[in-house]
Amino acid sequence: MKRCLLTMLGCWIGLCHIASAESFESFEAGRERDVPAPYLYNPLAGKAAENASSANLTTRYTVQTVDGSFTFEAFLKPSSIPKKSVPILCAGLDSEPGMRCNAGLRWLSNFRQCYWGGAVWPQVGEKPDRFSTGHYVSISRLTEKTMGWRHLAMVYDAKSQTLSVWLDHFQQVKQRLNQPLPAGLSLWVDPAFDGLVDSVRVVDRPLGVESFLRATHMKIDNVSFDHPERTFPKDAGHLSVKRNFGAVGDGVVDDTLAIRKAFHDLANHQASGATYVLHFPAGTYRVTDTVKWSRFLRVHGEGSEVTKIVLDNRCKGFDDPENPKPVVAASAVPGRPGSNRAVNGSTIANFFHGFTVATGTGNPGAIGVEYHSNNYGSLEDVTIESGDGAGVIGLDLSHKTNGPTLIADTRVVGFETGIKTSHMEYSITMEDVRLEAQGKVGIANGGNILALNRISSVNRVPAIRSSGGSELITILNSTFTGGAAQNAAIEVGAGVYARDVKVSGYGNSLAQTIQSWNPHRKPNYLSENGAMLVGTIDEFVGDKPIHPDGDEVKALALPIKDPPITVRGDLENDWVNVQKFSHLVTGDGKS
């Protein structure tokens, strides 16, 4: 009995203070087998323990008293949505004088909504200052969809005199107190909470989120969720897939569930009017299934050379080319591209930068990345590679209403089709894209409007095949080499403009098929051969332009200027957070 309860309450010897085993009688004798995960990992000890049960609290459970800094945490699962504020993790009893605080549920009567948050009482009997861990409509709101297990922590730092409440390791609110918490405060769990309690822990110092307890589906040991910041200043407001969501990135632990949780919790939830930034530190993130988010998310690695998402070899579900699956996907549209007619162009603001996505070997049904973004968004510094060349598509852009968006500094190695686009909405720009070793075609365009600059293809198969009748494709400053004599480097319809395109190895540089439509003709569409070009293409216009004076028409050939490179400098010394100067705000806050 004691062993079970000690596991349930997360007693980590030498690192926290827990009351004697006799006090555990405050929990019901009948234990619940519903737990956050099969294992609980303590980063301070580097050890995981089995987690077999949780409990319903029936009476107040006092953990200990504290004199100064502390971290007080637990996993909680509500059974109902209360219609009043409910304290759960509490510091200070009514009988104890001075300031008190708690972390729990906050009821907003005006909106009839309940949020996870905290409260501070200046003195017993005075009105509390209540606060939420997240903004309006954030996932800190307790709803029928968010009734599952949540991690809640209250951290008091006596040195800075700040109180922080954390929800799910990533939603934080920090309050600066106008006086220190008194010595001798009791820490206790309130039985007013209707739900399950698991793994209560107190540590007698303020912990960072990387040291909180973690619920894991694998037994892990000696794993750190902390990491150096090399991409963003530490206080830039971004979130880490390791520090905040528990991914490991060592190439051994399966990070599928941790990445899915991050994508689920952040995607489609704007952060106070802006998109969240999710950072993947350098590492190899092993996955065994698709990881997908919807919209309003910037996903940043540290660079394609050092941040990798890798699918297991011969992974279940990725073996059928007739039913392909992506490794990484971004779209607010459920289902595969083309399977859902309800597509309205609302997959907004998706960014994917600084990754290698590897589909391994023995996965012929794999798609590397399925990417969809409207209005604005970009995929940059990304390498997508197949270990054995197999796979259906490297980069799938074939969702309806894809674009305007930018694909830049991207390399696709292997796959039957390197990049696939479709539909005529809303245009895609590609720059500095390299295609290698495709089985059928480098870029397959099914009618979209493409602007291509500095495209490099090393392939025997066609570098570009564009069809669909409505396509308009511009190809500038590109090089297509390694082609087979029986193939054309560019297979395209009438809507094409090409300039400064170098071709070698192919029988033709460009083979044009002109398609015309006549409602009185059967078939309505009629295809006929157009231009056939050989060698370097200095300039080619698919449809013959007409000048009012009969002069030859040529483009201005204006130079394409690259955007300036942002110099990051030293993240510690060259950057500063404007919030550090909040004490200088005067008057109405506009000065």
# chains A, B, ... in the order shown; residues from 1 in each chain; ligands from 1
$ residues_around --residues "Ala451 in chain A" --least-positions-apart "3" --cutoff "7 Å" --atoms "only C-alpha atoms" --output "compact mmCIF listing (two decimals) with N, CA, C and O atoms, in the first residue's frame"
# COMPACT_ATOMS: atom_id res chain seq x y z
N ILE A 428 2.32 29.86 -55.93
CA ILE A 428 3.42 29.43 -55.08
C ILE A 428 4.73 29.92 -55.69
O ILE A 428 4.96 29.78 -56.89
N THR A 429 5.58 30.49 -54.86
CA THR A 429 6.89 30.94 -55.29
C THR A 429 7.94 29.99 -54.74
O THR A 429 7.91 29.64 -53.55
N MET A 430 8.86 29.56 -55.61
CA MET A 430 9.96 28.69 -55.19
C MET A 430 11.28 29.33 -55.60
O MET A 430 11.42 29.82 -56.73
N ILE A 473 3.34 29.32 -65.48
CA ILE A 473 4.58 28.99 -64.80
C ILE A 473 5.71 29.86 -65.35
O ILE A 473 5.85 30.01 -66.56
N THR A 474 6.48 30.45 -64.45
CA THR A 474 7.62 31.28 -64.80
C THR A 474 8.87 30.60 -64.25
O THR A 474 8.92 30.25 -63.06
N ILE A 475 9.89 30.42 -65.11
CA ILE A 475 11.12 29.73 -64.73
C ILE A 475 12.30 30.65 -65.04
O ILE A 475 12.52 31.02 -66.20
$ residues_around --residues "Arg336 in chain A" --least-positions-apart "2" --cutoff "10 Å" --atoms "only C-alpha atoms" --output "PyMOL selection string"
chain A and resi 323-326+329+331+333-334+338-340+370+398-399
$ residues_around --residues "range 67-72 of chain A" --least-positions-apart "3" --cutoff "8 Å" --atoms "only C-alpha atoms" --output "PDB file with N, CA and C atoms, in the first residue's frame"
ATOM      1  N   LEU A  89      -4.013  23.731  -5.470  1.00  0.00           N
ATOM      2  CA  LEU A  89      -2.721  23.747  -4.801  1.00  0.00           C
ATOM      3  C   LEU A  89      -2.640  25.043  -3.999  1.00  0.00           C
ATOM      4  N   ALA A 153       1.411  23.740 -11.845  1.00  0.00           N
ATOM      5  CA  ALA A 153       2.527  24.012 -10.936  1.00  0.00           C
ATOM      6  C   ALA A 153       2.455  25.447 -10.442  1.00  0.00           C
ATOM      7  N   MET A 154       2.810  25.645  -9.180  1.00  0.00           N
ATOM      8  CA  MET A 154       2.914  26.966  -8.578  1.00  0.00           C
ATOM      9  C   MET A 154       4.349  27.120  -8.078  1.00  0.00           C
ATOM     10  N   VAL A 155       5.020  28.168  -8.558  1.00  0.00           N
ATOM     11  CA  VAL A 155       6.436  28.363  -8.240  1.00  0.00           C
ATOM     12  C   VAL A 155       6.605  29.728  -7.581  1.00  0.00           C
ATOM     13  N   TYR A 156       7.210  29.719  -6.391  1.00  0.00           N
ATOM     14  CA  TYR A 156       7.485  30.978  -5.691  1.00  0.00           C
ATOM     15  C   TYR A 156       8.992  31.164  -5.576  1.00  0.00           C
ATOM     16  N   ASP A 157       9.473  32.306  -6.066  1.00  0.00           N
ATOM     17  CA  ASP A 157      10.881  32.662  -5.981  1.00  0.00           C
ATOM     18  C   ASP A 157      11.007  33.803  -4.976  1.00  0.00           C
ATOM     19  N   ALA A 158      11.510  33.482  -3.784  1.00  0.00           N
ATOM     20  CA  ALA A 158      11.595  34.482  -2.720  1.00  0.00           C
ATOM     21  C   ALA A 158      12.584  35.594  -3.065  1.00  0.00           C
ATOM     22  N   LYS A 159      13.628  35.276  -3.815  1.00  0.00           N
ATOM     23  CA  LYS A 159      14.646  36.277  -4.137  1.00  0.00           C
ATOM     24  C   LYS A 159      14.071  37.385  -5.011  1.00  0.00           C
ATOM     25  N   LEU A 181       6.000  36.256   0.678  1.00  0.00           N
ATOM     26  CA  LEU A 181       5.136  35.304   1.377  1.00  0.00           C
ATOM     27  C   LEU A 181       5.710  35.052   2.766  1.00  0.00           C
ATOM     28  N   PRO A 182       4.863  34.942   3.755  1.00  0.00           N
ATOM     29  CA  PRO A 182       5.359  34.757   5.124  1.00  0.00           C
ATOM     30  C   PRO A 182       6.003  33.398   5.325  1.00  0.00           C
ATOM     31  N   ALA A 183       6.891  33.317   6.290  1.00  0.00           N
ATOM     32  CA  ALA A 183       7.515  32.044   6.644  1.00  0.00           C
ATOM     33  C   ALA A 183       6.489  31.149   7.336  1.00  0.00           C
ATOM     34  N   GLY A 184       6.706  29.840   7.221  1.00  0.00           N
ATOM     35  CA  GLY A 184       5.839  28.890   7.897  1.00  0.00           C
ATOM     36  C   GLY A 184       4.516  28.638   7.217  1.00  0.00           C
ATOM     37  N   LEU A 185       4.411  28.948   5.903  1.00  0.00           N
ATOM     38  CA  LEU A 185       3.163  28.692   5.180  1.00  0.00           C
ATOM     39  C   LEU A 185       2.942  27.194   5.002  1.00  0.00           C
ATOM     40  N   LEU A 187       1.545  24.151   2.817  1.00  0.00           N
ATOM     41  CA  LEU A 187       1.184  23.789   1.446  1.00  0.00           C
ATOM     42  C   LEU A 187       0.211  22.619   1.520  1.00  0.00           C
ATOM     43  N   VAL A 200       1.602  14.463  -6.559  1.00  0.00           N
ATOM     44  CA  VAL A 200       1.832  15.737  -5.888  1.00  0.00           C
ATOM     45  C   VAL A 200       3.306  15.792  -5.472  1.00  0.00           C
ATOM     46  N   ARG A 201       3.952  16.905  -5.768  1.00  0.00           N
ATOM     47  CA  ARG A 201       5.361  17.037  -5.388  1.00  0.00           C
ATOM     48  C   ARG A 201       5.655  18.463  -4.942  1.00  0.00           C
ATOM     49  N   VAL A 202       6.494  18.591  -3.910  1.00  0.00           N
ATOM     50  CA  VAL A 202       6.992  19.884  -3.454  1.00  0.00           C
ATOM     51  C   VAL A 202       8.511  19.829  -3.438  1.00  0.00           C
ATOM     52  N   VAL A 203       9.134  20.846  -4.011  1.00  0.00           N
ATOM     53  CA  VAL A 203      10.590  21.003  -3.967  1.00  0.00           C
ATOM     54  C   VAL A 203      10.876  22.346  -3.317  1.00  0.00           C
ATOM     55  N   ASP A 204      11.859  22.409  -2.428  1.00  0.00           N
ATOM     56  CA  ASP A 204      12.071  23.618  -1.636  1.00  0.00           C
ATOM     57  C   ASP A 204      12.952  24.646  -2.347  1.00  0.00           C
ATOM     58  N   ARG A 205      12.729  24.826  -3.644  1.00  0.00           N
ATOM     59  CA  ARG A 205      13.387  25.885  -4.401  1.00  0.00           C
ATOM     60  C   ARG A 205      12.564  26.133  -5.664  1.00  0.00           C
ATOM     61  N   PRO A 206      12.739  27.269  -6.318  1.00  0.00           N
ATOM     62  CA  PRO A 206      11.985  27.518  -7.549  1.00  0.00           C
ATOM     63  C   PRO A 206      12.608  26.745  -8.713  1.00  0.00           C
ATOM     64  N   LEU A 207      11.815  25.928  -9.367  1.00  0.00           N
ATOM     65  CA  LEU A 207      12.296  25.144 -10.508  1.00  0.00           C
ATOM     66  C   LEU A 207      11.892  25.802 -11.816  1.00  0.00           C
TER      67      LEU A 207
END
$ residues_around --residues "Ser427 in chain A" --least-positions-apart "4" --cutoff "10 Å" --atoms "only C-alpha atoms" --output "JSON, numbers by chain"
{"A": [374, 401, 402, 403, 404, 405, 406, 421, 422, 423, 447, 448, 449, 450, 451, 471, 472, 473]}
$ residues_around --residues "range 76-78 of chain A" --least-positions-apart "6" --cutoff "6 Å" --atoms "only C-alpha atoms" --output "JSON, numbers by chain"
{"A": [147, 148, 149, 150, 194, 195, 196, 197]}
$ residues_around --residues "Thr133 in chain A" --least-positions-apart "2" --cutoff "6 Å" --atoms "only C-alpha atoms" --output "compact mmCIF listing (two decimals) with C-alpha atoms, in the first residue's frame"
# COMPACT_ATOMS: atom_id res chain seq x y z
CA GLY A 117 -5.01 30.07 -13.13
CA GLN A 171 1.30 28.31 -20.34
CA GLN A 172 2.72 30.59 -17.69
CA VAL A 173 1.63 33.70 -15.85
$ atom_distance --atom1 "CA of Lys308 in chain A" --atom2 "CA of Val241 in chain A"
13.0 Å
